[in-house]
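Chemist: Provided herewith is a single structure, encoded as structure tokens, for subsequent inquiry.
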Amino acid sequence: MKHILRLLFVLFFTTLYSQNPSIKQIPSWVNKVDYKENIENEEAESGYYYLLYDKQLNALNKTRYSNSVVKIINGEGITHMSNLTFEFDPSYEKLIFHKIDIVRDGERISQLNLNKIETIQRESNLEKNLYDGRLTSLVNLTDVREGDVIDYAYSIAGENPIYEGGYSSSLYFQYAAPVGKLHFTVTVPNNDSFKFKYFNNAPKPAESISGNSKVYEWTLEDVAPKFYDTNEPIWYDDYGFVQFVNYESWESIVNQYKEIYTLSAADKKRLKRLSDQNIKSETKDLAPSKEEIAHTLIDFVQDDVRYFGFENGMNSHKPESPLKVLEQRFGDCKGKSFLLSELLQANGIEAYPMLVNSTAGKSIGDKLPTPNLFDHCVVTYNLDGEDYYIDPTISNQGTGAKGKFFPNYEKGLVLKPGEKGLTQIDFKPTGGVAISEIYDVDEINGSGALTVVTTYKGSDADRLRADFDQRSNASIQKDYLRFYSTLYPNIKKGDDLEVEDLRKTRNEFIVRESYVIDSIWAKSPDNEQLIYIETYPLLLESYVNPTTSPERTAPYAINYPLDIEFNITVNLPEPWEFEDYKNTVESSYFKYEQQASHFGNKLLVTHNYSRKKDFVEAGDVRKYISDHSKIQDDLSYFITYDLEAASAMETSGLSYIAIFLLVISLMLFGYGAYRLYYEYDVPAQVKDTQGKNIGGWLILIAIGLVFTPIVILVQILSEDGYFDAYTWSALWNSEGLTGKPMIILIAIEMIINVALIVYSFVVIILFFKRRTIVPRLMIILYAGTLAFLILDSVAANALASDMFTPEENQESLKEIIKAIFRCAVWIPYFIMSERVKETFVKRAPGYVAPPETVEQSSVQVIESAETPKEYNSLENRLENERDKNG
């Protein structure tokens, strides 16, 4: 590391003092452009606006001229524009200042003084292990005031020799600040074949010929500002712009750049010899397969060759020799990719470097061919006839050579002879996170323990493995403890953090955490007697809280791939009653499922959240955010305990009041049933006293009738509130409508249900005896059940509507609708059906019909007799009547 720092130090001072900026007159080839003192649209979020933005590019002398005239509106504009910065690469570029003036009240105040220009080397990418050697000249303007106009012009001359005459650039026609006049010129050789492509309705230029050059010129006035929407994808660009290049095709770029990724035959042999000496395969097979060889080489370049690069000058595009990278054991993306592709080729595996764009790969296919579209280099290789891709700058990846995760770079340019275009890269998401939180609650209102087991899969395992490789477990554990303290302030570390790395098998990285929570129960702010435990999927929170966005025209970027499975288990000190619950929120962009279930003293809450795409269409953003608000309302799950009601629970068990009501109700309704059976009777509606057997639709009615008392009885026994002493006590001690009035309603419900059971039993007996009173009793049963359901539902919701869930209300409504349907079908049936009239013809026991004639009455009496004793007495009466009549 010391020799690297020493080299950086030497390079810094060498470039600093040899490439200081200079001051010169504006070049003669530059067109002078006037501007207006004011513009129509003076609104600017940044506190300033441009009176003029002039950019003139000359491909002949490789010079870029720029002139900006800025009007300061307020203090924010002073802050933004008082410090001017200018970047350039001193290895091939020169920075030339032409003017830096403050225009105030028509007078120009020059602030161009080389002694006041500081040139420094900032190395903004050094934290990414990249050194690019670029310099930044800083000009600190003094005495800038509101209303001032800052007019500055400069040129940057020179171009990277790696391009070998190739030229490409872009010009944008809209910015975040208003522009009074926008002026661009592009000067190219008259005989050169430049291509222009216009995007998003960009304006066309005026063209002119000047000597051996051709000039394209654009002039726009009063250009309104355009602002980025929040969370725009990096690849998305809806600004109007023009791209111009003189590259013939993608194939021409491949032909140019594959040359700098070519190793001589002698160097290839030397590299093979050095690699055989330094790279040891973990396989014990004397003849490893190509897949095993590729796996060994990839792991070596990813893990043992450090990522560090010098990107200055030609090194921005030209890789270091693989021999040098192997010797020094570090390299940038180009050097590591060049090394890996050569190592694979040396072992008989077809492989090539591939240029990609690490963030905007989705859009490069629409652009004109130019090497400047790429900012990263990777490797493509072939195993068993199938192409695979690997990023050598990613370390600690799991699985074999065919299963390693490759980021979604979309498209790439393979530096392979004969390659004519971009390659579409198939993306295969491999990540996923499964979190298991287990809460062991010692006692009510006491402490608890939390065990967290997190399994990271695929690309997520690679990420965590790299993080743990660079940090200590103690440091990570502090971060984890701080993370959970947002939910439980009294949380403490339990056992030490444990890690299990399954890198070589299924590429999973498992982290086990252990915590002690002194007081896992919290008090309700509204009621100190009410305590609760809150379970909350903290890791999921950040993903289901999208940034709110106003009406927009741009897509909305979201993290992808993303697949989170969150399981929360709570082991309570005693059996608990919960309501099982399931909720699903799904769209074309994501899917969320939550489910709560319980068994005894165990509660299980699961959250599953996965995304299907990497961005949301602009027109769907509002619904996307709205859908996630439904998830946010559903994340917390509370386990509540009423300390005041707990004392009443000591008297839990069967309610004596309920038992008393049950016994009294059975006695009263039993007596009523007896009277109904023996004393209530109506005449038959047909003269055929034998009647028909039960058949037709009456069979279906009979089946339903038999099940009626069973269903009602099951409902009574399964309902917690009817016989539970705690429920009766809690309601008696409650105030308002949910107290004593609710007790009355429960008592009435129980009494009516008992009445229905007894009544339905009597009706069943009478039904199968085919008694004449059955039709009337069935009508009463159907109509009474409907009236009871309606009145009970109305009364319950009037007394305590918030106690019933929408699902319960929906279920009550379904039962009422069913009862209405039964009444509408069967009541008319029992009134009008001939089958009913011909079936239910039997009279009450002991019934004696009045005689019309001796013969007729005798027959009727005999047919109505139901016991041998009654039958014999009737025979005697008939014989006596015969004797009297002779």
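Here, A, B, ... name the chains of the structure tokens in the order displayed, residue numbers run from 1 inside each chain, and ligands are numbered from 1 in the same displayed order.
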Can you tell me, as a PDB file with all heavy atoms, in the first residue's frame, what residues are no more than 9 Å from range 475-480 of chain A when counting only C-alpha atoms, ignoring any on the same chain fewer than 3 positions away?
Modeler:
```pdb
ATOM      1  N   ASP A 467     -19.878  -8.275   2.979  1.00  0.00           N
ATOM      2  CA  ASP A 467     -19.954  -7.339   4.096  1.00  0.00           C
ATOM      3  C   ASP A 467     -19.278  -7.915   5.337  1.00  0.00           C
ATOM      4  O   ASP A 467     -18.504  -7.226   6.023  1.00  0.00           O
ATOM      5  CB  ASP A 467     -21.424  -7.021   4.387  1.00  0.00           C
ATOM      6  CG  ASP A 467     -21.580  -5.914   5.425  1.00  0.00           C
ATOM      7  OD1 ASP A 467     -20.747  -4.999   5.429  1.00  0.00           O
ATOM      8  OD2 ASP A 467     -22.538  -5.979   6.221  1.00  0.00           O
ATOM      9  N   PHE A 468     -19.555  -9.183   5.641  1.00  0.00           N
ATOM     10  CA  PHE A 468     -18.928  -9.813   6.806  1.00  0.00           C
ATOM     11  C   PHE A 468     -17.430 -10.002   6.597  1.00  0.00           C
ATOM     12  O   PHE A 468     -16.673 -10.036   7.567  1.00  0.00           O
ATOM     13  CB  PHE A 468     -19.592 -11.164   7.089  1.00  0.00           C
ATOM     14  CG  PHE A 468     -20.801 -11.070   7.975  1.00  0.00           C
ATOM     15  CD1 PHE A 468     -22.005 -10.598   7.475  1.00  0.00           C
ATOM     16  CD2 PHE A 468     -20.740 -11.431   9.313  1.00  0.00           C
ATOM     17  CE1 PHE A 468     -23.125 -10.506   8.284  1.00  0.00           C
ATOM     18  CE2 PHE A 468     -21.847 -11.338  10.136  1.00  0.00           C
ATOM     19  CZ  PHE A 468     -23.053 -10.873   9.628  1.00  0.00           C
ATOM     20  N   ARG A 471     -15.849  -6.550   7.576  1.00  0.00           N
ATOM     21  CA  ARG A 471     -16.101  -5.999   8.912  1.00  0.00           C
ATOM     22  C   ARG A 471     -16.053  -7.113   9.948  1.00  0.00           C
ATOM     23  O   ARG A 471     -16.208  -8.285   9.636  1.00  0.00           O
ATOM     24  CB  ARG A 471     -17.468  -5.321   8.958  1.00  0.00           C
ATOM     25  CG  ARG A 471     -17.629  -4.188   7.979  1.00  0.00           C
ATOM     26  CD  ARG A 471     -19.084  -3.752   7.894  1.00  0.00           C
ATOM     27  NE  ARG A 471     -19.596  -3.345   9.185  1.00  0.00           N
ATOM     28  CZ  ARG A 471     -20.888  -3.222   9.473  1.00  0.00           C
ATOM     29  NH1 ARG A 471     -21.796  -3.514   8.542  1.00  0.00           N
ATOM     30  NH2 ARG A 471     -21.284  -2.839  10.658  1.00  0.00           N
ATOM     31  N   SER A 472     -15.890  -6.720  11.186  1.00  0.00           N
ATOM     32  CA  SER A 472     -15.861  -7.699  12.270  1.00  0.00           C
ATOM     33  C   SER A 472     -17.278  -8.043  12.698  1.00  0.00           C
ATOM     34  O   SER A 472     -18.209  -7.238  12.545  1.00  0.00           O
ATOM     35  CB  SER A 472     -15.084  -7.147  13.471  1.00  0.00           C
ATOM     36  OG  SER A 472     -15.771  -6.047  14.042  1.00  0.00           O
ATOM     37  N   PHE A 483     -30.415  -1.665  15.346  1.00  0.00           N
ATOM     38  CA  PHE A 483     -31.560  -1.836  14.447  1.00  0.00           C
ATOM     39  C   PHE A 483     -32.805  -2.258  15.227  1.00  0.00           C
ATOM     40  O   PHE A 483     -33.882  -1.671  15.072  1.00  0.00           O
ATOM     41  CB  PHE A 483     -31.193  -2.884  13.389  1.00  0.00           C
ATOM     42  CG  PHE A 483     -32.287  -3.222  12.424  1.00  0.00           C
ATOM     43  CD1 PHE A 483     -32.631  -2.362  11.405  1.00  0.00           C
ATOM     44  CD2 PHE A 483     -32.983  -4.428  12.530  1.00  0.00           C
ATOM     45  CE1 PHE A 483     -33.636  -2.677  10.499  1.00  0.00           C
ATOM     46  CE2 PHE A 483     -33.984  -4.754  11.637  1.00  0.00           C
ATOM     47  CZ  PHE A 483     -34.311  -3.874  10.621  1.00  0.00           C
ATOM     48  N   TYR A 484     -32.683  -3.256  16.091  1.00  0.00           N
ATOM     49  CA  TYR A 484     -33.838  -3.742  16.845  1.00  0.00           C
ATOM     50  C   TYR A 484     -34.211  -2.829  18.010  1.00  0.00           C
ATOM     51  O   TYR A 484     -35.337  -2.911  18.517  1.00  0.00           O
ATOM     52  CB  TYR A 484     -33.577  -5.158  17.359  1.00  0.00           C
ATOM     53  CG  TYR A 484     -33.844  -6.215  16.326  1.00  0.00           C
ATOM     54  CD1 TYR A 484     -32.809  -6.846  15.654  1.00  0.00           C
ATOM     55  CD2 TYR A 484     -35.146  -6.580  16.003  1.00  0.00           C
ATOM     56  CE1 TYR A 484     -33.054  -7.817  14.692  1.00  0.00           C
ATOM     57  CE2 TYR A 484     -35.413  -7.542  15.036  1.00  0.00           C
ATOM     58  CZ  TYR A 484     -34.361  -8.155  14.383  1.00  0.00           C
ATOM     59  OH  TYR A 484     -34.622  -9.094  13.425  1.00  0.00           O
ATOM     60  N   SER A 485     -33.310  -1.970  18.432  1.00  0.00           N
ATOM     61  CA  SER A 485     -33.634  -1.062  19.544  1.00  0.00           C
ATOM     62  C   SER A 485     -34.689  -0.038  19.147  1.00  0.00           C
ATOM     63  O   SER A 485     -35.318   0.574  20.013  1.00  0.00           O
ATOM     64  CB  SER A 485     -32.368  -0.344  20.031  1.00  0.00           C
ATOM     65  OG  SER A 485     -31.866   0.528  19.031  1.00  0.00           O
ATOM     66  N   LYS A 493     -28.050  -7.668  24.042  1.00  0.00           N
ATOM     67  CA  LYS A 493     -27.466  -8.800  23.320  1.00  0.00           C
ATOM     68  C   LYS A 493     -27.529 -10.047  24.192  1.00  0.00           C
ATOM     69  O   LYS A 493     -27.262 -10.009  25.390  1.00  0.00           O
ATOM     70  CB  LYS A 493     -26.022  -8.509  22.944  1.00  0.00           C
ATOM     71  CG  LYS A 493     -25.350  -9.631  22.151  1.00  0.00           C
ATOM     72  CD  LYS A 493     -23.905  -9.295  21.843  1.00  0.00           C
ATOM     73  CE  LYS A 493     -23.019  -9.525  23.054  1.00  0.00           C
ATOM     74  NZ  LYS A 493     -22.886 -10.976  23.385  1.00  0.00           N
ATOM     75  N   ASP A 496     -23.596 -14.636  21.421  1.00  0.00           N
ATOM     76  CA  ASP A 496     -22.829 -13.994  20.352  1.00  0.00           C
ATOM     77  C   ASP A 496     -23.417 -14.328  18.982  1.00  0.00           C
ATOM     78  O   ASP A 496     -24.050 -15.372  18.783  1.00  0.00           O
ATOM     79  CB  ASP A 496     -21.370 -14.449  20.397  1.00  0.00           C
ATOM     80  CG  ASP A 496     -20.639 -13.891  21.608  1.00  0.00           C
ATOM     81  OD1 ASP A 496     -21.083 -12.851  22.141  1.00  0.00           O
ATOM     82  OD2 ASP A 496     -19.640 -14.511  22.034  1.00  0.00           O
ATOM     83  N   LEU A 497     -23.166 -13.418  18.074  1.00  0.00           N
ATOM     84  CA  LEU A 497     -23.621 -13.594  16.698  1.00  0.00           C
ATOM     85  C   LEU A 497     -22.983 -14.840  16.091  1.00  0.00           C
ATOM     86  O   LEU A 497     -21.790 -15.088  16.247  1.00  0.00           O
ATOM     87  CB  LEU A 497     -23.221 -12.356  15.889  1.00  0.00           C
ATOM     88  CG  LEU A 497     -23.855 -12.157  14.519  1.00  0.00           C
ATOM     89  CD1 LEU A 497     -25.303 -11.740  14.682  1.00  0.00           C
ATOM     90  CD2 LEU A 497     -23.097 -11.064  13.759  1.00  0.00           C
ATOM     91  N   GLU A 513     -28.953 -14.450  15.448  1.00  0.00           N
ATOM     92  CA  GLU A 513     -28.841 -13.405  16.468  1.00  0.00           C
ATOM     93  C   GLU A 513     -29.643 -13.817  17.697  1.00  0.00           C
ATOM     94  O   GLU A 513     -30.642 -14.527  17.588  1.00  0.00           O
ATOM     95  CB  GLU A 513     -29.365 -12.072  15.947  1.00  0.00           C
ATOM     96  CG  GLU A 513     -28.779 -11.650  14.606  1.00  0.00           C
ATOM     97  CD  GLU A 513     -29.633 -10.583  13.941  1.00  0.00           C
ATOM     98  OE1 GLU A 513     -29.858  -9.534  14.547  1.00  0.00           O
ATOM     99  OE2 GLU A 513     -30.103 -10.837  12.814  1.00  0.00           O
TER     100      GLU A 513
END
```
Chemist: For the alpha helix (DSSP H) assignment from backbone DSSP, which residues of range 506-708 of chain A qualify? Please present them as a PDB file with C-alpha atoms, in the first residue's frame.
Modeler:
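Writing the result to result_15.pdb gives the following:
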```pdb
ATOM      1  CA  LEU A 538     -38.559  -4.077  10.539  1.00  0.00           C
ATOM      2  CA  LEU A 539     -36.499  -5.213   7.557  1.00  0.00           C
ATOM      3  CA  LEU A 540     -39.593  -5.086   5.366  1.00  0.00           C
ATOM      4  CA  GLU A 541     -40.504  -1.546   6.405  1.00  0.00           C
ATOM      5  CA  VAL A 621     -47.276   5.118  -9.709  1.00  0.00           C
ATOM      6  CA  ARG A 622     -50.251   6.541  -7.805  1.00  0.00           C
ATOM      7  CA  LYS A 623     -51.880   3.111  -7.492  1.00  0.00           C
ATOM      8  CA  TYR A 624     -48.516   1.551  -6.624  1.00  0.00           C
ATOM      9  CA  ILE A 625     -48.141   3.937  -3.685  1.00  0.00           C
ATOM     10  CA  SER A 626     -51.781   3.475  -2.696  1.00  0.00           C
ATOM     11  CA  ASP A 627     -51.398  -0.316  -2.721  1.00  0.00           C
ATOM     12  CA  HIS A 628     -48.385  -0.053  -0.436  1.00  0.00           C
ATOM     13  CA  SER A 629     -50.320   2.081   2.036  1.00  0.00           C
ATOM     14  CA  LYS A 630     -52.556  -0.979   2.500  1.00  0.00           C
ATOM     15  CA  ILE A 631     -49.458  -2.985   3.376  1.00  0.00           C
ATOM     16  CA  GLN A 632     -48.214  -0.362   5.844  1.00  0.00           C
ATOM     17  CA  LEU A 643     -54.715  -6.613  33.462  1.00  0.00           C
ATOM     18  CA  GLU A 644     -58.012  -5.441  34.967  1.00  0.00           C
ATOM     19  CA  ALA A 645     -60.003  -8.062  33.180  1.00  0.00           C
ATOM     20  CA  ALA A 646     -57.397 -10.664  34.141  1.00  0.00           C
ATOM     21  CA  SER A 647     -58.543 -10.472  37.767  1.00  0.00           C
ATOM     22  CA  ALA A 648     -62.027 -11.309  36.614  1.00  0.00           C
ATOM     23  CA  MET A 649     -60.568 -14.259  34.740  1.00  0.00           C
ATOM     24  CA  TYR A 656     -74.098 -20.122  36.700  1.00  0.00           C
ATOM     25  CA  ILE A 657     -76.420 -17.479  35.312  1.00  0.00           C
ATOM     26  CA  ALA A 658     -76.172 -19.018  31.859  1.00  0.00           C
ATOM     27  CA  ILE A 659     -76.766 -22.518  33.237  1.00  0.00           C
ATOM     28  CA  PHE A 660     -79.783 -21.285  35.213  1.00  0.00           C
ATOM     29  CA  LEU A 661     -81.250 -19.655  32.107  1.00  0.00           C
ATOM     30  CA  LEU A 662     -80.615 -22.833  30.149  1.00  0.00           C
ATOM     31  CA  VAL A 663     -82.390 -25.068  32.700  1.00  0.00           C
ATOM     32  CA  ILE A 664     -85.380 -22.695  33.094  1.00  0.00           C
ATOM     33  CA  SER A 665     -85.662 -22.325  29.314  1.00  0.00           C
ATOM     34  CA  LEU A 666     -85.603 -26.094  28.780  1.00  0.00           C
ATOM     35  CA  MET A 667     -88.298 -26.612  31.437  1.00  0.00           C
ATOM     36  CA  LEU A 668     -90.600 -23.901  30.087  1.00  0.00           C
ATOM     37  CA  PHE A 669     -90.191 -24.796  26.429  1.00  0.00           C
ATOM     38  CA  GLY A 670     -90.365 -28.512  27.229  1.00  0.00           C
ATOM     39  CA  TYR A 671     -93.742 -28.010  28.875  1.00  0.00           C
ATOM     40  CA  GLY A 672     -94.863 -25.932  25.897  1.00  0.00           C
ATOM     41  CA  ALA A 673     -93.735 -28.701  23.558  1.00  0.00           C
ATOM     42  CA  TYR A 674     -95.791 -31.242  25.532  1.00  0.00           C
ATOM     43  CA  ARG A 675     -98.914 -29.085  25.278  1.00  0.00           C
ATOM     44  CA  LEU A 676     -98.259 -28.495  21.600  1.00  0.00           C
ATOM     45  CA  TYR A 677     -98.000 -32.191  20.871  1.00  0.00           C
ATOM     46  CA  TYR A 678    -101.156 -33.324  22.672  1.00  0.00           C
ATOM     47  CA  GLU A 679    -103.475 -30.352  22.564  1.00  0.00           C
ATOM     48  CA  TRP A 697     -89.868 -32.104  -2.060  1.00  0.00           C
ATOM     49  CA  LEU A 698     -90.859 -33.051   1.485  1.00  0.00           C
ATOM     50  CA  ILE A 699     -87.859 -35.399   1.625  1.00  0.00           C
ATOM     51  CA  LEU A 700     -85.506 -32.432   1.095  1.00  0.00           C
ATOM     52  CA  ILE A 701     -87.389 -30.464   3.771  1.00  0.00           C
ATOM     53  CA  ALA A 702     -87.179 -33.409   6.138  1.00  0.00           C
ATOM     54  CA  ILE A 703     -83.374 -33.601   5.781  1.00  0.00           C
ATOM     55  CA  GLY A 704     -82.971 -29.907   6.525  1.00  0.00           C
ATOM     56  CA  LEU A 705     -85.373 -30.137   9.438  1.00  0.00           C
ATOM     57  CA  VAL A 706     -83.423 -32.987  11.043  1.00  0.00           C
ATOM     58  CA  PHE A 707     -80.166 -31.009  10.899  1.00  0.00           C
ATOM     59  CA  THR A 708     -81.730 -27.776  12.259  1.00  0.00           C
TER      60      THR A 708
END
```
Chemist: Tell me, which residues of range 583-685 of chain A carry DSSP strand (DSSP E or B), written as an mmCIF file with C-alpha atoms, in the first residue's frame?
Modeler:
```
data_model
loop_
_atom_site.group_PDB
_atom_site.id
_atom_site.type_symbol
_atom_site.label_atom_id
_atom_site.label_comp_id
_atom_site.auth_asym_id
_atom_site.auth_seq_id
_atom_site.Cartn_x
_atom_site.Cartn_y
_atom_site.Cartn_z
ATOM 1 C CA ASN A 583 -54.526 -10.635 3.523
ATOM 2 C CA THR A 584 -53.137 -10.337 -0.011
ATOM 3 C CA VAL A 585 -52.197 -7.195 -1.950
ATOM 4 C CA GLU A 586 -50.979 -7.822 -5.500
ATOM 5 C CA PHE A 590 -45.298 -6.805 -6.582
ATOM 6 C CA LYS A 591 -47.071 -9.316 -4.392
ATOM 7 C CA TYR A 592 -47.606 -9.132 -0.651
ATOM 8 C CA GLU A 593 -49.187 -11.772 1.563
ATOM 9 C CA GLN A 594 -49.750 -11.668 5.298
ATOM 10 C CA GLN A 595 -51.155 -14.523 7.320
ATOM 11 C CA ALA A 596 -51.741 -14.950 11.053
ATOM 12 C CA SER A 597 -52.548 -18.304 12.616
ATOM 13 C CA HIS A 598 -52.364 -19.785 16.101
ATOM 14 C CA PHE A 599 -52.271 -23.053 17.975
ATOM 15 C CA LYS A 602 -48.170 -20.212 19.769
ATOM 16 C CA LEU A 603 -48.822 -17.335 17.340
ATOM 17 C CA LEU A 604 -47.393 -17.367 13.816
ATOM 18 C CA VAL A 605 -47.427 -14.242 11.624
ATOM 19 C CA THR A 606 -45.934 -14.413 8.127
ATOM 20 C CA HIS A 607 -45.192 -11.619 5.664
ATOM 21 C CA ASN A 608 -44.136 -12.415 2.088
ATOM 22 C CA TYR A 609 -43.148 -9.575 -0.227
ATOM 23 C CA SER A 610 -41.664 -9.891 -3.703
ATOM 24 C CA ARG A 611 -41.240 -7.617 -6.709
ATOM 25 C CA PHE A 615 -39.628 0.069 -12.392
ATOM 26 C CA VAL A 616 -43.238 1.247 -12.305
ATOM 27 C CA TYR A 637 -49.595 -7.305 14.863
ATOM 28 C CA PHE A 638 -50.512 -6.664 18.503
ATOM 29 C CA ILE A 639 -50.919 -9.198 21.299
ATOM 30 C CA THR A 640 -52.977 -7.453 23.990
ATOM 31 C CA TYR A 641 -53.668 -8.329 27.617
ATOM 32 C CA ASP A 642 -56.124 -6.573 29.927
ATOM 33 C CA LEU A 654 -69.054 -21.928 33.512
#
```
Chemist: So that I can check the surroundings of Glu251 in chain A, please list as a list in words every protein, DNA and RNA residue that reaches within 7 Å of it, counting only C-alpha atoms and ignoring chain neighbours fewer than 4 positions away.
Modeler: Asn255, Glu419, Lys420 and Gly421 of chain A
Chemist: Atoms to include: all heavy atoms. Write the selected residues as a PDB file, in the first residue's frame.
Modeler:
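Written file, selection.pdb:
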```
ATOM      1  N   ASN A 255     -13.577  -4.143 -33.349  1.00  0.00           N
ATOM      2  CA  ASN A 255     -12.290  -4.331 -34.023  1.00  0.00           C
ATOM      3  C   ASN A 255     -11.211  -3.437 -33.417  1.00  0.00           C
ATOM      4  O   ASN A 255     -10.044  -3.828 -33.349  1.00  0.00           O
ATOM      5  CB  ASN A 255     -12.433  -4.044 -35.516  1.00  0.00           C
ATOM      6  CG  ASN A 255     -13.306  -5.078 -36.209  1.00  0.00           C
ATOM      7  OD1 ASN A 255     -13.427  -6.207 -35.742  1.00  0.00           O
ATOM      8  ND2 ASN A 255     -13.938  -4.689 -37.316  1.00  0.00           N
ATOM      9  N   GLU A 419     -17.784 -10.003 -34.019  1.00  0.00           N
ATOM     10  CA  GLU A 419     -18.984  -9.538 -33.307  1.00  0.00           C
ATOM     11  C   GLU A 419     -19.496  -8.260 -33.975  1.00  0.00           C
ATOM     12  O   GLU A 419     -18.748  -7.296 -34.164  1.00  0.00           O
ATOM     13  CB  GLU A 419     -18.663  -9.269 -31.835  1.00  0.00           C
ATOM     14  CG  GLU A 419     -19.855  -9.216 -30.938  1.00  0.00           C
ATOM     15  CD  GLU A 419     -20.484 -10.585 -30.702  1.00  0.00           C
ATOM     16  OE1 GLU A 419     -19.827 -11.623 -30.997  1.00  0.00           O
ATOM     17  OE2 GLU A 419     -21.625 -10.622 -30.225  1.00  0.00           O
ATOM     18  N   LYS A 420     -20.784  -8.224 -34.304  1.00  0.00           N
ATOM     19  CA  LYS A 420     -21.317  -7.110 -35.087  1.00  0.00           C
ATOM     20  C   LYS A 420     -22.292  -6.215 -34.325  1.00  0.00           C
ATOM     21  O   LYS A 420     -22.680  -5.167 -34.828  1.00  0.00           O
ATOM     22  CB  LYS A 420     -22.023  -7.649 -36.332  1.00  0.00           C
ATOM     23  CG  LYS A 420     -21.106  -8.417 -37.281  1.00  0.00           C
ATOM     24  CD  LYS A 420     -21.855  -8.886 -38.516  1.00  0.00           C
ATOM     25  CE  LYS A 420     -20.949  -9.685 -39.444  1.00  0.00           C
ATOM     26  NZ  LYS A 420     -19.788  -8.899 -39.927  1.00  0.00           N
ATOM     27  N   GLY A 421     -22.713  -6.629 -33.145  1.00  0.00           N
ATOM     28  CA  GLY A 421     -23.701  -5.818 -32.432  1.00  0.00           C
ATOM     29  C   GLY A 421     -23.707  -6.113 -30.953  1.00  0.00           C
ATOM     30  O   GLY A 421     -22.898  -6.901 -30.428  1.00  0.00           O
TER      31      GLY A 421
END
```
Chemist: Can you tell me how far CA of Lys411 in chain A sits from CA of Tyr543 in chain A, in Å to one decimal?
Modeler: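 A separation of 27.3 Å between them.
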Chemist: What is the distance, in Å and to one decimal place, between CA of Gly331 in chain A and CA of Asp391 in chain A?
Modeler: 13.2 Å
Chemist: For Ser22 in chain A, which residue among A:Phe97, A:Tyr35, A:Tyr581, A:Tyr172 is the nearest when counting only C-alpha atoms?
Modeler: A:Phe97
Chemist: For range 352-366 of chain A, list every protein, DNA or RNA residue within 10 Å, evaluated using only C-alpha atoms, and leave out those in the same chain fewer than 2 positions away; present the list as a PyMOL selection string.
Modeler: chain A and resi 197+199+233-237+254+257-258+261+333-342+344-345+349-350+368-382+389-391+407-417+421-425
Chemist: Which residues are close to Lys523 in chain A, i.e. within 10 Å by only C-alpha atoms, leaving aside same-chain residues fewer than 4 positions away? Reply as a PyMOL selection string.
Modeler: chain A and resi 445+527-533+640-641
Chemist: Find the spatial neighbours of range 553-555 of chain A, counting only C-alpha atoms, within a cut-off of 10 Å - ignore same-chain residues fewer than 2 positions away - and output them as a count of residues only.
Modeler: 21
Chemist: Contacts of Asp34 in chain A at 12 Å or less, counting only C-alpha atoms, minus same-chain residues fewer than 3 places along, as a list in words?
Modeler: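 The contact residues come out as Asn31, Glu37, Leu51, Leu52, Tyr53, Asp54, Asn67, Ser68, Val69, Asp151, Gly180, Lys181, Leu182, His183, Thr219 and Glu221 of chain A.
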